[in-house]
>>> print(open('target-v1.txt').read())   # compact mmCIF, C-alpha atoms and all ligand atoms
# COMPACT_ATOMS: atom_id res chain seq x y z
CA MET A 270 -49.53 -47.25 -20.14
CA SER A 271 -47.81 -48.37 -23.37
CA GLY A 272 -44.96 -46.34 -24.91
CA LYS A 273 -47.28 -45.22 -27.70
CA TYR A 274 -49.73 -43.70 -25.25
CA TRP A 275 -46.91 -42.14 -23.24
CA ALA A 276 -45.77 -40.42 -26.42
CA LYS A 277 -49.31 -39.20 -27.12
CA GLY A 278 -49.64 -37.96 -23.55
CA GLU A 279 -46.35 -36.11 -23.75
CA ALA A 280 -47.36 -34.53 -27.09
CA PHE A 281 -50.64 -33.42 -25.49
CA ILE A 282 -48.85 -31.86 -22.48
CA ALA A 283 -46.31 -30.16 -24.77
CA ALA A 284 -49.16 -28.68 -26.85
CA VAL A 285 -50.98 -27.42 -23.76
CA GLN A 286 -47.81 -25.92 -22.33
CA ARG A 287 -46.90 -24.03 -25.48
CA PRO A 288 -47.85 -20.46 -24.63
CA GLN A 289 -47.50 -19.30 -28.23
CA LYS A 290 -50.24 -21.50 -29.61
CA ARG A 291 -52.35 -21.36 -26.47
CA LEU A 292 -52.77 -17.59 -26.67
CA PHE A 293 -54.26 -17.66 -30.16
CA LEU A 294 -56.47 -20.63 -29.28
CA LEU A 295 -57.91 -18.70 -26.35
CA LEU A 296 -58.47 -15.59 -28.48
CA ILE A 297 -60.15 -17.65 -31.20
CA LEU A 298 -62.45 -19.22 -28.62
CA ILE A 299 -63.42 -15.79 -27.23
CA SER A 300 -63.93 -14.53 -30.81
CA ILE A 301 -66.27 -17.43 -31.59
CA VAL A 302 -68.29 -16.77 -28.42
CA VAL A 303 -68.47 -13.03 -29.26
CA ALA A 304 -69.52 -13.82 -32.86
CA GLY A 305 -72.14 -16.31 -31.59
CA LEU A 306 -73.62 -13.87 -29.09
CA SER A 307 -73.64 -11.07 -31.68
CA GLY A 308 -75.40 -13.34 -34.18
CA TYR A 309 -77.98 -14.31 -31.56
CA GLY A 310 -78.50 -10.63 -30.60
CA LEU A 311 -78.98 -9.67 -34.24
CA TRP A 312 -81.45 -12.47 -34.75
CA MET A 313 -83.46 -11.38 -31.68
CA VAL A 314 -83.53 -7.76 -32.89
CA ALA A 315 -84.55 -8.79 -36.41
CA PHE A 316 -87.12 -11.35 -35.22
CA PRO A 317 -90.25 -9.09 -35.28
CA GLY A 318 -89.39 -7.63 -38.69
CA LEU A 319 -88.68 -11.05 -40.15
CA SER A 320 -91.90 -12.57 -38.83
CA ASN A 321 -93.84 -9.68 -40.37
CA ILE A 322 -92.56 -10.78 -43.77
CA SER A 323 -93.18 -14.48 -43.20
CA GLU A 324 -93.75 -16.65 -40.14
CA TYR A 325 -91.08 -19.08 -41.43
CA LEU A 326 -88.38 -16.46 -42.01
CA PRO A 327 -87.11 -16.17 -38.38
CA ILE A 328 -86.71 -19.98 -38.21
CA LEU A 329 -84.95 -20.04 -41.56
CA VAL A 330 -82.53 -17.22 -40.65
CA GLY A 331 -82.02 -18.70 -37.16
CA SER A 332 -81.24 -22.13 -38.64
CA LEU A 333 -78.76 -20.59 -41.07
CA LEU A 334 -76.98 -18.75 -38.24
CA ALA A 335 -76.93 -21.92 -36.15
CA LEU A 336 -75.47 -23.84 -39.10
CA VAL A 337 -72.70 -21.27 -39.58
CA LEU A 338 -71.88 -21.42 -35.85
CA PHE A 339 -71.89 -25.21 -35.97
CA ILE A 340 -69.41 -25.21 -38.89
CA ILE A 341 -67.20 -22.71 -37.04
CA ALA A 342 -67.34 -24.89 -33.91
CA ILE A 343 -66.19 -27.88 -36.00
CA GLY A 344 -63.36 -25.69 -37.30
CA PHE A 345 -62.34 -24.90 -33.73
CA LEU A 346 -62.50 -28.57 -32.81
CA GLY A 347 -60.28 -29.23 -35.84
CA ILE A 348 -57.69 -26.76 -34.50
CA ILE A 349 -57.71 -28.44 -31.08
CA THR A 350 -57.38 -32.00 -32.40
CA ALA A 351 -54.68 -31.01 -34.90
CA LEU A 352 -52.65 -29.13 -32.28
CA PHE A 353 -52.85 -31.98 -29.82
CA GLY A 354 -51.65 -34.48 -32.39
CA LEU A 355 -54.96 -36.34 -32.52
CA PRO A 356 -56.25 -37.81 -35.80
CA THR A 357 -58.00 -34.98 -37.66
CA PRO A 358 -60.02 -35.63 -40.84
CA PRO A 359 -58.95 -33.38 -43.75
CA VAL A 360 -62.36 -31.66 -43.78
CA PHE A 361 -61.82 -30.61 -40.13
CA LEU A 362 -58.34 -29.35 -41.01
CA GLY A 363 -59.74 -27.27 -43.89
CA LEU A 364 -62.38 -25.75 -41.61
CA ALA A 365 -59.81 -25.13 -38.88
CA TRP A 366 -57.58 -23.31 -41.32
CA SER A 367 -60.49 -21.18 -42.55
CA ALA A 368 -61.54 -20.44 -38.95
CA ILE A 369 -58.14 -19.10 -37.87
CA ASN A 370 -57.91 -16.83 -40.93
CA LEU A 371 -61.50 -15.65 -40.54
CA PHE A 372 -61.22 -14.88 -36.84
CA PHE A 373 -57.73 -13.39 -36.82
CA PRO A 374 -58.88 -9.74 -37.14
CA LEU A 375 -61.41 -10.17 -34.31
CA SER A 376 -58.74 -11.90 -32.17
CA ILE A 377 -56.48 -8.85 -32.57
CA GLN A 378 -59.28 -6.55 -31.37
CA ILE A 379 -59.98 -8.79 -28.37
CA ALA A 380 -56.25 -8.94 -27.54
CA LYS A 381 -56.24 -5.11 -27.47
CA ILE A 382 -58.92 -5.13 -24.77
CA PHE A 383 -56.69 -7.37 -22.63
CA ASP A 384 -53.63 -5.23 -23.42
CA ILE A 385 -51.86 -8.10 -25.18
CA GLU A 386 -49.16 -7.05 -27.65
CA LYS A 387 -50.16 -7.41 -31.30
CA GLU A 388 -46.79 -9.04 -32.08
CA GLN A 389 -47.47 -11.75 -29.52
CA VAL A 390 -50.82 -12.59 -31.15
CA GLU A 391 -49.22 -12.56 -34.60
CA ARG A 392 -46.49 -14.98 -33.46
CA SER A 393 -49.13 -17.24 -32.00
CA PHE A 394 -51.21 -17.07 -35.19
CA ILE A 395 -48.13 -18.00 -37.29
CA GLU A 396 -47.39 -21.02 -35.06
CA VAL A 397 -50.96 -22.28 -35.24
CA SER A 398 -51.19 -21.65 -39.00
CA ASN A 399 -47.85 -23.42 -39.64
CA HIS A 400 -48.96 -26.37 -37.56
CA LEU A 401 -52.21 -26.73 -39.49
CA VAL A 402 -50.46 -26.44 -42.88
CA ARG A 403 -47.90 -29.08 -41.86
CA LYS A 404 -50.64 -31.32 -40.57
CA LYS A 405 -52.30 -31.19 -44.00
CA ASN A 406 -49.11 -32.83 -45.29
CA ILE A 407 -49.18 -30.87 -48.54
CA LYS A 408 -46.60 -31.98 -51.10
CA VAL A 409 -45.65 -30.05 -54.21
CA LYS A 410 -43.19 -30.39 -57.05
CA PRO A 411 -40.04 -28.24 -56.58
CA GLU A 412 -41.04 -25.87 -59.37
CA LYS A 413 -44.34 -25.28 -57.58
CA LEU A 414 -42.72 -24.13 -54.34
CA LEU A 415 -41.97 -20.44 -53.89
CA ILE A 416 -39.69 -19.05 -51.20
CA LEU A 417 -40.51 -15.43 -50.51
CA SER A 418 -37.90 -13.45 -48.65
CA PRO A 419 -37.90 -9.78 -47.60
CA HIS A 420 -35.41 -7.37 -49.10
CA CYS A 421 -34.05 -6.45 -45.62
CA ILE A 422 -32.29 -9.81 -45.53
CA GLN A 423 -29.78 -8.49 -48.09
CA LYS A 424 -26.65 -6.79 -46.71
CA GLU A 425 -27.50 -3.11 -46.74
CA SER A 426 -24.27 -2.14 -48.50
CA CYS A 427 -24.60 -4.80 -51.23
CA PRO A 428 -24.90 -3.16 -54.67
CA HIS A 429 -26.41 -6.16 -56.49
CA LYS A 430 -30.01 -5.95 -57.66
CA ILE A 431 -31.32 -9.20 -56.23
CA THR A 432 -34.94 -8.01 -56.12
CA ARG A 433 -34.89 -7.97 -59.91
CA ASP A 434 -33.27 -11.40 -60.13
CA THR A 435 -31.79 -13.44 -57.27
CA ALA A 436 -29.21 -14.79 -59.76
CA ASN A 437 -27.52 -11.37 -59.45
CA CYS A 438 -26.34 -12.40 -55.96
CA LYS A 439 -22.61 -13.21 -56.01
CA GLN A 440 -22.99 -15.53 -52.99
CA CYS A 441 -20.16 -13.71 -51.21
CA GLY A 442 -21.32 -15.02 -47.81
CA GLN A 443 -21.93 -11.61 -46.26
CA CYS A 444 -25.67 -12.12 -45.88
CA PRO A 445 -28.18 -15.02 -45.93
CA VAL A 446 -29.26 -14.32 -49.52
CA GLY A 447 -26.32 -16.35 -50.91
CA SER A 448 -27.35 -19.38 -48.83
CA LEU A 449 -30.99 -18.99 -49.86
CA VAL A 450 -29.95 -18.88 -53.52
CA ALA A 451 -27.86 -22.04 -52.98
CA LEU A 452 -30.75 -23.81 -51.20
CA ALA A 453 -33.18 -22.86 -53.98
CA LYS A 454 -30.72 -24.25 -56.53
CA VAL A 455 -30.10 -27.51 -54.68
CA TYR A 456 -33.81 -28.26 -54.32
CA GLY A 457 -34.89 -26.72 -57.63
CA VAL A 458 -37.41 -24.39 -55.97
CA ASN A 459 -38.24 -20.76 -56.76
CA LEU A 460 -36.86 -17.88 -54.75
CA ALA A 461 -38.04 -14.27 -54.85
CA VAL A 462 -36.68 -11.41 -52.75
CA VAL A 463 -39.32 -8.72 -52.53
CA THR A 464 -39.50 -5.20 -51.17
CA GLY A 465 -43.07 -5.41 -49.87
CA GLY A 466 -46.50 -7.01 -49.91
CA THR A 467 -47.42 -5.71 -53.38
CA LEU A 468 -44.37 -7.31 -54.97
CA ALA A 469 -44.91 -10.49 -52.96
CA ARG A 470 -48.46 -10.75 -54.32
CA LYS A 471 -47.11 -10.05 -57.81
CA ALA A 472 -44.57 -12.89 -57.48
CA VAL A 473 -47.32 -15.28 -56.31
CA LYS A 474 -49.57 -14.23 -59.19
CA ALA A 475 -46.79 -14.67 -61.75
CA LEU A 476 -45.56 -18.05 -60.51
CA ARG A 477 -48.87 -19.55 -59.37
CA PRO A 478 -47.13 -21.79 -56.82
CA GLY A 479 -48.74 -24.74 -55.08
CA ALA A 480 -47.23 -23.68 -51.75
CA VAL A 481 -45.35 -20.73 -50.31
CA LEU A 482 -42.54 -20.59 -47.78
CA ALA A 483 -42.44 -17.05 -46.49
CA ILE A 484 -39.69 -15.41 -44.46
CA ALA A 485 -40.58 -12.12 -42.77
CA CYS A 486 -41.33 -10.30 -39.53
CA GLU A 487 -44.52 -10.99 -37.52
CA ARG A 488 -46.61 -8.28 -39.22
CA ASP A 489 -45.64 -9.14 -42.81
CA LEU A 490 -45.92 -12.89 -42.27
CA THR A 491 -49.39 -12.59 -40.79
CA SER A 492 -50.71 -10.36 -43.57
CA GLY A 493 -48.88 -12.47 -46.18
CA ILE A 494 -50.38 -15.76 -44.95
CA GLN A 495 -53.84 -14.17 -45.05
CA ASP A 496 -53.23 -12.57 -48.46
CA VAL A 497 -52.35 -15.87 -50.12
CA PHE A 498 -55.05 -17.87 -48.27
CA PRO A 499 -56.22 -20.54 -49.25
CA LEU A 500 -52.78 -21.20 -50.76
CA PRO A 501 -50.77 -23.18 -48.17
CA ALA A 502 -48.07 -20.96 -46.69
CA VAL A 503 -45.55 -21.76 -43.97
CA GLY A 504 -44.04 -18.73 -42.28
CA ILE A 505 -40.55 -18.47 -40.81
CA LEU A 506 -39.80 -15.44 -38.64
CA ASN A 507 -36.65 -13.53 -39.43
CA GLN A 508 -34.33 -12.26 -36.70
CA ARG A 509 -33.46 -8.60 -36.37
CA PRO A 510 -30.09 -8.26 -34.59
CA GLU A 511 -29.66 -4.73 -35.97
CA GLY A 512 -33.26 -3.65 -35.47
CA PRO A 513 -36.21 -3.83 -37.88
CA CYS A 514 -35.77 -3.83 -41.65
CA CYS A 515 -31.95 -3.77 -41.62
CA ASN A 516 -29.56 -6.66 -42.23
CA THR A 517 -32.03 -9.22 -40.92
CA VAL A 518 -31.16 -12.92 -40.78
CA VAL A 519 -33.01 -16.23 -40.86
CA ASP A 520 -32.42 -19.70 -39.48
CA LEU A 521 -31.39 -21.57 -42.63
CA ASP A 522 -31.93 -24.98 -41.02
CA LYS A 523 -35.58 -24.07 -40.50
CA VAL A 524 -35.82 -22.94 -44.14
CA GLU A 525 -34.30 -26.18 -45.42
CA LYS A 526 -36.57 -28.26 -43.18
CA ALA A 527 -39.63 -26.38 -44.45
CA ILE A 528 -38.52 -26.93 -48.07
CA THR A 529 -38.05 -30.69 -47.61
CA ASP A 530 -41.39 -30.92 -45.75
CA PHE A 531 -43.16 -29.53 -48.80
CA LEU A 532 -41.38 -31.57 -51.48
CA ARG A 533 -42.53 -34.96 -52.63
S1 LIG B 601 -24.63 -12.83 -50.44
FE1 LIG B 601 -25.42 -11.88 -52.31
S2 LIG B 601 -26.89 -10.37 -51.64
FE2 LIG B 601 -25.67 -10.92 -49.85
S3 LIG B 601 -24.05 -9.37 -49.81
FE3 LIG B 601 -23.26 -11.11 -50.97
S4 LIG B 601 -23.74 -10.65 -53.10
FE4 LIG B 601 -24.97 -9.29 -51.84
>>> encode(input="target-v1.txt", output="structure tokens")
Amino acid sequence: MSGKYWAKGEAFIAAVQRPQKRLFLLLILISIVVAGLSGYGLWMVAFPGLSNISEYLPILVGSLLALVLFIIAIGFLGIITALFGLPTPPVFLGLAWSAINLFFPLSIQIAKIFDIEKEQVERSFIEVSNHLVRKKNIKVKPEKLLILSPHCIQKESCPHKITRDTANCKQCGQCPVGSLVALAKVYGVNLAVVTGGTLARKAVKALRPGAVLAIACERDLTSGIQDVFPLPAVGILNQRPEGPCCNTVVDLDKVEKAITDFLR
């Protein structure tokens, strides 16, 4: 086997062995089967009523349902090929991205049945979503990139109003905000520190970015990625050494890598 194929094989094994992504893939697959069976059940129940209206109506409705399922199946195939590093046409990637956002709520409900923690599913969703966004190789101008950071990343005792304007940060080095401000300046990208989802949406609406780099916990990242969909958003999980929502931190190397990935 040539070195190239070895590399492909190793990438495939790595993708299969990644429990984070695998969990969401499995849940998506179950969701698609559940949605398919429900659609079929509905069609069977509606069949007599539809045929009373017109003899062609059941076939028409059935064909439409089959078409929707077919498109969803292509989306799922797109997720698989993209995750395993196989060549994926952009149209497949777009469908894959739509499929994961569409089926996320159903996946959460299915995970509940199997007693799987919601946070675990959210982490898996973020990994899959990030992978698909990166695979799309989206490039934007610096002024079209928005970094969204949660307010809990600011040192709790800091008196400066950085949510109003990040330029108010004195970059004293006591929390990651100073480094984020410096990174935003170096790369010429936008940075907003927000206190919640409403303000995050407001910042996105005001700036109309081409891409978003969001830093947050599992719950906020998941809802944020879905809120801004179809805007490409890469999520980076924050770390909570002092518990949730207090003096949180973020891996700045990951932030810088995500910035450079997005820039032309
Ligand atoms: S780096 Fe900025 S936000 Fe953080 S404590 Fe210092 S002045 Fe406050």
>>> residues_near_ligand(input="target-v1.txt", ligand="ligand LIG 601 (chain B)", cutoff="10 Å", atoms="only C-alpha atoms and all ligand atoms", output="ChimeraX atom specification")
/A:420,422-432,435-450,462,516
>>> write_last_selection(input="target-v1.txt", atoms="C-alpha atoms", output="mmCIF file, keeping the file's coordinate frame")
data_model
loop_
_atom_site.group_PDB
_atom_site.id
_atom_site.type_symbol
_atom_site.label_atom_id
_atom_site.label_comp_id
_atom_site.auth_asym_id
_atom_site.auth_seq_id
_atom_site.Cartn_x
_atom_site.Cartn_y
_atom_site.Cartn_z
ATOM 1 C CA HIS A 420 -35.410 -7.370 -49.100
ATOM 2 C CA ILE A 422 -32.290 -9.810 -45.530
ATOM 3 C CA GLN A 423 -29.780 -8.490 -48.090
ATOM 4 C CA LYS A 424 -26.650 -6.790 -46.710
ATOM 5 C CA GLU A 425 -27.500 -3.110 -46.740
ATOM 6 C CA SER A 426 -24.270 -2.140 -48.500
ATOM 7 C CA CYS A 427 -24.600 -4.800 -51.230
ATOM 8 C CA PRO A 428 -24.900 -3.160 -54.670
ATOM 9 C CA HIS A 429 -26.410 -6.160 -56.490
ATOM 10 C CA LYS A 430 -30.010 -5.950 -57.660
ATOM 11 C CA ILE A 431 -31.320 -9.200 -56.230
ATOM 12 C CA THR A 432 -34.940 -8.010 -56.120
ATOM 13 C CA THR A 435 -31.790 -13.440 -57.270
ATOM 14 C CA ALA A 436 -29.210 -14.790 -59.760
ATOM 15 C CA ASN A 437 -27.520 -11.370 -59.450
ATOM 16 C CA CYS A 438 -26.340 -12.400 -55.960
ATOM 17 C CA LYS A 439 -22.610 -13.210 -56.010
ATOM 18 C CA GLN A 440 -22.990 -15.530 -52.990
ATOM 19 C CA CYS A 441 -20.160 -13.710 -51.210
ATOM 20 C CA GLY A 442 -21.320 -15.020 -47.810
ATOM 21 C CA GLN A 443 -21.930 -11.610 -46.260
ATOM 22 C CA CYS A 444 -25.670 -12.120 -45.880
ATOM 23 C CA PRO A 445 -28.180 -15.020 -45.930
ATOM 24 C CA VAL A 446 -29.260 -14.320 -49.520
ATOM 25 C CA GLY A 447 -26.320 -16.350 -50.910
ATOM 26 C CA SER A 448 -27.350 -19.380 -48.830
ATOM 27 C CA LEU A 449 -30.990 -18.990 -49.860
ATOM 28 C CA VAL A 450 -29.950 -18.880 -53.520
ATOM 29 C CA VAL A 462 -36.680 -11.410 -52.750
ATOM 30 C CA ASN A 516 -29.560 -6.660 -42.230
#
>>> residues_around(input="target-v1.txt", residues="range 390-403 of chain A", least_positions_apart="6", cutoff="9 Å", atoms="all atoms listed in the file", output="MDAnalysis selection string")
chainID A and resid 288:294 296 348 351:352 362:363 365:366 369:370 373 376:377 380 487:488 490:491 494 501:506 530:531
>>> closest_residue(input="target-v1.txt", among="A:Glu525, A:Ile299, A:Asn459, A:Val519", to="Leu375 in chain A", atoms="only C-alpha atoms")
A:Ile299
>>> axis_aligned_box(input="target-v1.txt", around="range 378-395 of chain A", padding_each_side="3 Å", output="JSON")
{"center_x": -53.2, "center_y": -11.6, "center_z": -30.0, "size_x": 19.5, "size_y": 18.9, "size_z": 20.7}
>>> closest_residue(input="target-v1.txt", among="A:Val518, A:Leu364, A:Ala472, A:Leu311", to="Pro327 in chain A", atoms="all atoms listed in the file")
A:Leu311
>>> atom_distance(input="target-v1.txt", atom1="CA of Ala304 in chain A", atom2="CA of Leu338 in chain A")
8.5 Å
>>> atom_distance(input="target-v1.txt", atom1="CA of Glu412 in chain A", atom2="CA of Val458 in chain A")
5.2 Å
>>> closest_residue(input="target-v1.txt", among="A:Leu452, A:Cys421, A:Leu521, A:Ile416", to="Leu482 in chain A", atoms="all atoms listed in the file")
A:Ile416
>>> closest_residue(input="target-v1.txt", among="A:Phe316, A:Phe361, A:Phe383, A:Tyr309", to="Lys404 in chain A", atoms="all atoms listed in the file")
A:Phe361
>>> atom_distance(input="target-v1.txt", atom1="CA of Leu415 in chain A", atom2="CA of Pro510 in chain A")
25.7 Å
>>> closest_residue(input="target-v1.txt", among="A:Phe339, A:Tyr325, A:Tyr456, A:Phe372", to="Val524 in chain A", atoms="all atoms listed in the file")
A:Tyr456
>>> residues_near_point(input="target-v1.txt", point="(-45.1, -27.2, -55.2)", cutoff="10 Å", atoms="all atoms listed in the file", output="tab-separated table (two decimals) with C-alpha atoms, keeping the file's coordinate frame")
chain	number	residue	atom	x	y	z
A	407	ILE	CA	-49.18	-30.87	-48.54
A	408	LYS	CA	-46.60	-31.98	-51.10
A	409	VAL	CA	-45.65	-30.05	-54.21
A	410	LYS	CA	-43.19	-30.39	-57.05
A	411	PRO	CA	-40.04	-28.24	-56.58
A	412	GLU	CA	-41.04	-25.87	-59.37
A	413	LYS	CA	-44.34	-25.28	-57.58
A	414	LEU	CA	-42.72	-24.13	-54.34
A	415	LEU	CA	-41.97	-20.44	-53.89
A	458	VAL	CA	-37.41	-24.39	-55.97
A	459	ASN	CA	-38.24	-20.76	-56.76
A	477	ARG	CA	-48.87	-19.55	-59.37
A	478	PRO	CA	-47.13	-21.79	-56.82
A	479	GLY	CA	-48.74	-24.74	-55.08
A	480	ALA	CA	-47.23	-23.68	-51.75
A	481	VAL	CA	-45.35	-20.73	-50.31
A	501	PRO	CA	-50.77	-23.18	-48.17
A	528	ILE	CA	-38.52	-26.93	-48.07
A	531	PHE	CA	-43.16	-29.53	-48.80
A	532	LEU	CA	-41.38	-31.57	-51.48
A	533	ARG	CA	-42.53	-34.96	-52.63
>>> residues_around(input="target-v1.txt", residues="Leu326 in chain A", least_positions_apart="6", cutoff="12 Å", atoms="only C-alpha atoms", output="number ranges by chain")
A: 312, 315-320, 332-333
>>> closest_residue(input="target-v1.txt", among="A:Thr529, A:Gln508, A:Gln495, A:Thr517", to="Ser367 in chain A", atoms="only C-alpha atoms")
A:Gln495
>>> decode(input="target-v1.txt", residues="range 307-372 of chain A", atoms="C-alpha atoms", output="short mmCIF file (atom, residue, chain, number, x, y, z; two decimals), in the first residue's frame")
data_model
loop_
_atom_site.label_atom_id
_atom_site.label_comp_id
_atom_site.auth_asym_id
_atom_site.auth_seq_id
_atom_site.Cartn_x
_atom_site.Cartn_y
_atom_site.Cartn_z
CA SER A 307 -42.84 8.23 10.96
CA GLY A 308 -43.21 9.65 7.44
CA TYR A 309 -44.14 6.22 6.10
CA GLY A 310 -46.65 5.70 8.95
CA LEU A 311 -48.24 9.08 8.27
CA TRP A 312 -48.49 8.33 4.59
CA MET A 313 -50.17 4.97 5.29
CA VAL A 314 -52.68 6.61 7.66
CA ALA A 315 -53.42 9.42 5.19
CA PHE A 316 -53.61 7.07 2.18
CA PRO A 317 -57.42 6.45 2.18
CA GLY A 318 -58.25 10.12 2.70
CA LEU A 319 -55.83 11.21 -0.02
CA SER A 320 -57.13 8.70 -2.55
CA ASN A 321 -60.67 9.93 -1.87
CA ILE A 322 -59.59 13.36 -3.09
CA SER A 323 -57.68 12.08 -6.11
CA GLU A 324 -56.25 8.70 -7.13
CA TYR A 325 -52.92 10.43 -7.94
CA LEU A 326 -52.57 12.24 -4.61
CA PRO A 327 -51.16 9.32 -2.54
CA ILE A 328 -48.47 8.72 -5.20
CA LEU A 329 -47.66 12.41 -5.34
CA VAL A 330 -47.38 12.77 -1.54
CA GLY A 331 -45.48 9.47 -1.29
CA SER A 332 -43.02 10.60 -3.98
CA LEU A 333 -42.47 13.91 -2.19
CA LEU A 334 -41.77 12.12 1.11
CA ALA A 335 -39.41 9.72 -0.65
CA LEU A 336 -37.61 12.66 -2.26
CA VAL A 337 -37.16 14.40 1.10
CA LEU A 338 -35.80 11.17 2.62
CA PHE A 339 -33.48 10.72 -0.35
CA ILE A 340 -32.08 14.25 0.10
CA ILE A 341 -31.62 13.62 3.83
CA ALA A 342 -29.84 10.33 3.06
CA ILE A 343 -27.47 12.21 0.73
CA GLY A 344 -26.87 14.68 3.57
CA PHE A 345 -25.97 11.79 5.88
CA LEU A 346 -23.66 10.34 3.24
CA GLY A 347 -22.07 13.80 2.99
CA ILE A 348 -21.38 13.76 6.75
CA ILE A 349 -19.78 10.32 6.53
CA THR A 350 -17.55 11.13 3.55
CA ALA A 351 -16.51 14.49 5.02
CA LEU A 352 -15.67 12.99 8.41
CA PHE A 353 -13.64 10.21 6.89
CA GLY A 354 -11.61 12.63 4.80
CA LEU A 355 -13.02 11.39 1.50
CA PRO A 356 -13.67 13.81 -1.38
CA THR A 357 -17.07 15.39 -0.75
CA PRO A 358 -18.77 17.60 -3.38
CA PRO A 359 -19.83 21.00 -1.97
CA VAL A 360 -23.52 20.17 -2.53
CA PHE A 361 -23.13 17.09 -0.27
CA LEU A 362 -21.39 19.25 2.35
CA GLY A 363 -24.24 21.78 2.26
CA LEU A 364 -26.82 19.01 2.70
CA ALA A 365 -24.76 17.39 5.46
CA TRP A 366 -24.60 20.67 7.32
CA SER A 367 -28.36 21.19 6.97
CA ALA A 368 -29.01 17.59 8.10
CA ILE A 369 -27.05 17.90 11.35
CA ASN A 370 -28.79 21.17 12.26
CA LEU A 371 -32.21 19.80 11.31
CA PHE A 372 -31.84 16.55 13.24
#
